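S.K.: Sending over a structure as C-alpha cells; questions will come in a sec.
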Amino acid sequence: MNKPKSWRRSWLAVAVTAVLSSAALAQNAKQDTTPAPPANTKPIIGILEARPDTWNQLGFVYVREYPFDATPGSALKKPPLGPTSKTIFQSPEAGPGSELPVGQLIHLEYQPTFNMNLGKPDGVSHYHEFYEWGYTLKGDSIMPEPVSPEQHNGMLYRKKEGGWLSRPPYSLHGGSWNVGGMRNQLPYNLIIFEEGDGHVINTNRNGEPGVYRGRDGKGPPPGTVGDYRQVKQFTRPWLLDSVRDVDWEEDPQVPGRFVKWLDDATADGFRSQLVKIPPGWTAPPEWQKTYFENANRLRYMVWGEMKVWQFKDPKDAGKAVKVSEDYFIYQPPRSIWGYGPGSVSERGAIWLEVTYAKGLKHGGGPIEDVKRIQ
C-alpha cells in the first residue's frame, strides 16, 4: 500500500528536523570549551571570619576523583568514618595540622550487606554534643531514632535518596535491633557535616555510666560531660524525605529558579535548600555577582551541569568553569558567586545549598541578606 504524498512529506520534514537538531546539539557541544575547575585532592579549609579588605575565592572538589581518606594521595592519616570516607572540607577551628578536626564535611560510600548475619539484639544508643547534618545522594539506610536511653526499640527510619537530616546536640540514635528488611538494601551514598570533633557518647542501662569515645582514642576534653546520666534533656532530629514530602516551588529571590526548603533555623543562622535551574537558564543581570560579608555557603551538585564564574574581585571580568554531578563548591565570606552572560546550563542542574550566618556552626543567626554587585 502506497502512503499519501502528504504523509511522506511530513515524515521527511520530521526526519530532516531531527538530523538538523542533532547536528546543532553536536556543534554546540564542540563549541563549549569551558574547562573544569583544577583538580583538588586535599580538604578545602574554611574561613570563619573574612578580612574586610580582602576578597576570597571559591573552592572546588570533584568527589569522584578525590582519594579515599588514609589512602595514597590522601591528606588524612586516619579515615574518620571508615575506609569509604572522603573528607572534602574542614573548618580551621582545630588549628593547622590537627589530627582531630572540629568541623568537617565527609562524603561516604557505604556498601550493601553481603551476609545474613543479624546485629546484636541489645545494643545501646549514642549521641553527640554538637550539631550534624546529612543528605542522602543514593541508596538507603535504616536509622534507629529512640527518644529515651532506656528504650530498646526506637523508631526505625528509612532514609532514602533525597533524605535530609538535621541532628541537634544530645539527639539519641542507634541501638535498635534491625532485622529482616529493616536493614539497608542498596549501597548508601551521602554527605555529612559534623560541627564538632566526631566524638560519641554511648548510653547504658541499669544505671551504669555512659562511655565516651573520641576519634583520638583519648578521654573527654575539658568541658565535656561524657556521661549520659547527667544530660537533663535529650533532643530529636529533623528528618525530611525531600522526594516524598515537599515539592519544588519558585525561588522567592532569584527569578527562573526553583527551590525545596529543607531546614531554616533563623535564630541559629542555618538554612538548607535544594536549588534547581532549568535547561537554558540565564542569570538575571542583578544576580550575576553576589556575595556575603559574613556567611559561609556550601553547595553540592546533585545532578546536571552548570557554568560558574570565578571573580578575583568586583572589577574582575571573571572566568567560567563547568561543574557537574558530585562537585562540591565552597563559597567563603567575601567571595563572589557569579555567572556570565548567556546560558548557565544546557541540561539544567540541581544542587544542595547550605548556608551558615557566620562561621561553620549553628548559633550565629540570622543570615544576612545577600549583597549584589552591579
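Quick note on naming: the chains in the C-alpha cells go A, B, ... in the order shown, residues restart at 1 in each chain, and ligands are numbered from 1 in order of appearance.
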Please provide the set of residues having any atom within 10 Å of segment 56-59 of chain A, restricted to only C-alpha atoms, with same-chain residues fewer than 4 positions apart removed, written as a PyMOL selection string.
M.R.: chain A and resi 37-38+40+43-47+50-51+89+298+308-313+328-337
S.K.: Just list as number ranges by chain whatever in segment 21-260 of chain A DSSP marks as strand (DSSP E).
M.R.: A: 44-45, 59-62, 85-90, 104-110, 126-127, 132-138, 140-145, 155-160, 163-167, 188-194, 200-202, 211-213, 238-241, 249-250, 258-260
S.K.: Find, counting only C-alpha atoms, the residue in A:Gly269, A:Pro149, A:Gly103, A:Gly198 that gets nearest to Asp227 of chain A.
M.R.: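 Closest to Asp227 of chain A of all the choices is A:Pro149.
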S.K.: With segment 183-194 of chain A as the partner and 12 Å as the cut-off, tabulate the residues of segment 244-327 of chain A that qualify, each row holding the nearest pair of atoms and their distance in Å to one decimal, using only C-alpha atoms, sorted by chain and rising number, as CSV.
M.R.:
```
residue,atom,partner,partner_atom,distance
A:Leu298,CA,A:Phe193,CA,10.5
A:Arg299,CA,A:Ile191,CA,11.2
A:Tyr300,CA,A:Ile191,CA,8.9
A:Met301,CA,A:Ile191,CA,11.3
A:Val302,CA,A:Leu190,CA,10.7
A:Asp326,CA,A:Ile191,CA,10.3
A:Tyr327,CA,A:Ile191,CA,11.8
```
S.K.: Dump C-alpha atoms for the selected residues as a PDB file, in the first residue's frame?
M.R.:
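Saved result, out_7.pdb, follows:
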```
ATOM      1  CA  LEU A 298      28.354  25.123  50.852  1.00  0.00           C
ATOM      2  CA  ARG A 299      26.984  23.697  47.604  1.00  0.00           C
ATOM      3  CA  TYR A 300      26.944  20.097  46.390  1.00  0.00           C
ATOM      4  CA  MET A 301      25.951  19.229  42.819  1.00  0.00           C
ATOM      5  CA  VAL A 302      23.271  16.533  42.921  1.00  0.00           C
ATOM      6  CA  ASP A 326      29.381  15.265  42.568  1.00  0.00           C
ATOM      7  CA  TYR A 327      31.210  18.588  42.568  1.00  0.00           C
TER       8      TYR A 327
END
```
S.K.: Find the distance between atom CA of Arg372 of chain A and atom CA of Glu305 of chain A and write it in Å to one decimal.
M.R.: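 About the pair atom CA of Arg372 of chain A and atom CA of Glu305 of chain A: they are 23.9 Å apart.
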S.K.: Quick one: residues within 9 Å of Thr235 of chain A, only C-alpha atoms counted, chain neighbours fewer than 2 positions away excluded, as a PDB file with C-alpha atoms, in the first residue's frame?
M.R.:
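Writing done, so here's out-v6.pdb:
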```
ATOM      1  CA  VAL A 147      13.623   9.073  72.412  1.00  0.00           C
ATOM      2  CA  ARG A 167      20.644  16.386  64.152  1.00  0.00           C
ATOM      3  CA  PRO A 168      20.978  18.721  67.151  1.00  0.00           C
ATOM      4  CA  PRO A 169      23.272  18.032  70.120  1.00  0.00           C
ATOM      5  CA  TYR A 170      22.053  15.297  72.511  1.00  0.00           C
ATOM      6  CA  SER A 171      19.912  13.610  69.846  1.00  0.00           C
ATOM      7  CA  LEU A 172      19.864   9.852  70.519  1.00  0.00           C
ATOM      8  CA  GLN A 233      17.040  16.753  78.214  1.00  0.00           C
ATOM      9  CA  PRO A 237      16.323  15.219  64.905  1.00  0.00           C
TER      10      PRO A 237
END
```
S.K.: So which one's closest to Tyr339 of chain A, A:Ala283, A:Met143, A:Val275, A:Ile367? Using only C-alpha atoms, please.
M.R.: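 Once distances to Tyr339 of chain A are computed over only C-alpha atoms, the minimum belongs to A:Ala283.
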S.K.: Grab the atom CA of Glu150 of chain A to atom CA of Tyr131 of chain A distance for me, in Å with one decimal place.
M.R.: 22.6 Å
S.K.: Find the spatial neighbours of Lys276 of chain A, counting only C-alpha atoms, within a cut-off of 10 Å - ignore same-chain residues fewer than 5 positions away - and output them as a PyMOL selection string.
M.R.: chain A and resi 248-251+256-260+302-304+348-352
S.K.: Of the residues A:Ser148, A:Arg64, A:Gly217, A:Val354, which is the one nearest to Lys232 of chain A, using only C-alpha atoms?
M.R.: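 Between A:Ser148, A:Arg64, A:Gly217, A:Val354, the residue approaching Lys232 of chain A most closely is A:Ser148.
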S.K.: Do you have the atom CA of Gly363 of chain A-atom CA of Ile88 of chain A distance handy?
M.R.: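 If I compute the distance from atom CA of Gly363 of chain A to atom CA of Ile88 of chain A, I get 23.4 Å.
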S.K.: Give me the residues near Gly174 of chain A as a PyMOL selection string, where near means some atom within 7 Å (using only C-alpha atoms) and where sequence neighbours in that chain fewer than 4 positions away do not count.
M.R.: chain A and resi 124-126+143-145
S.K.: Running DSSP on the backbone, which parts of segment 31-246 of chain A land in helix (DSSP H, G or I), as a PyMOL selection string?
M.R.: chain A and resi 31+63-65+92-94+228-230
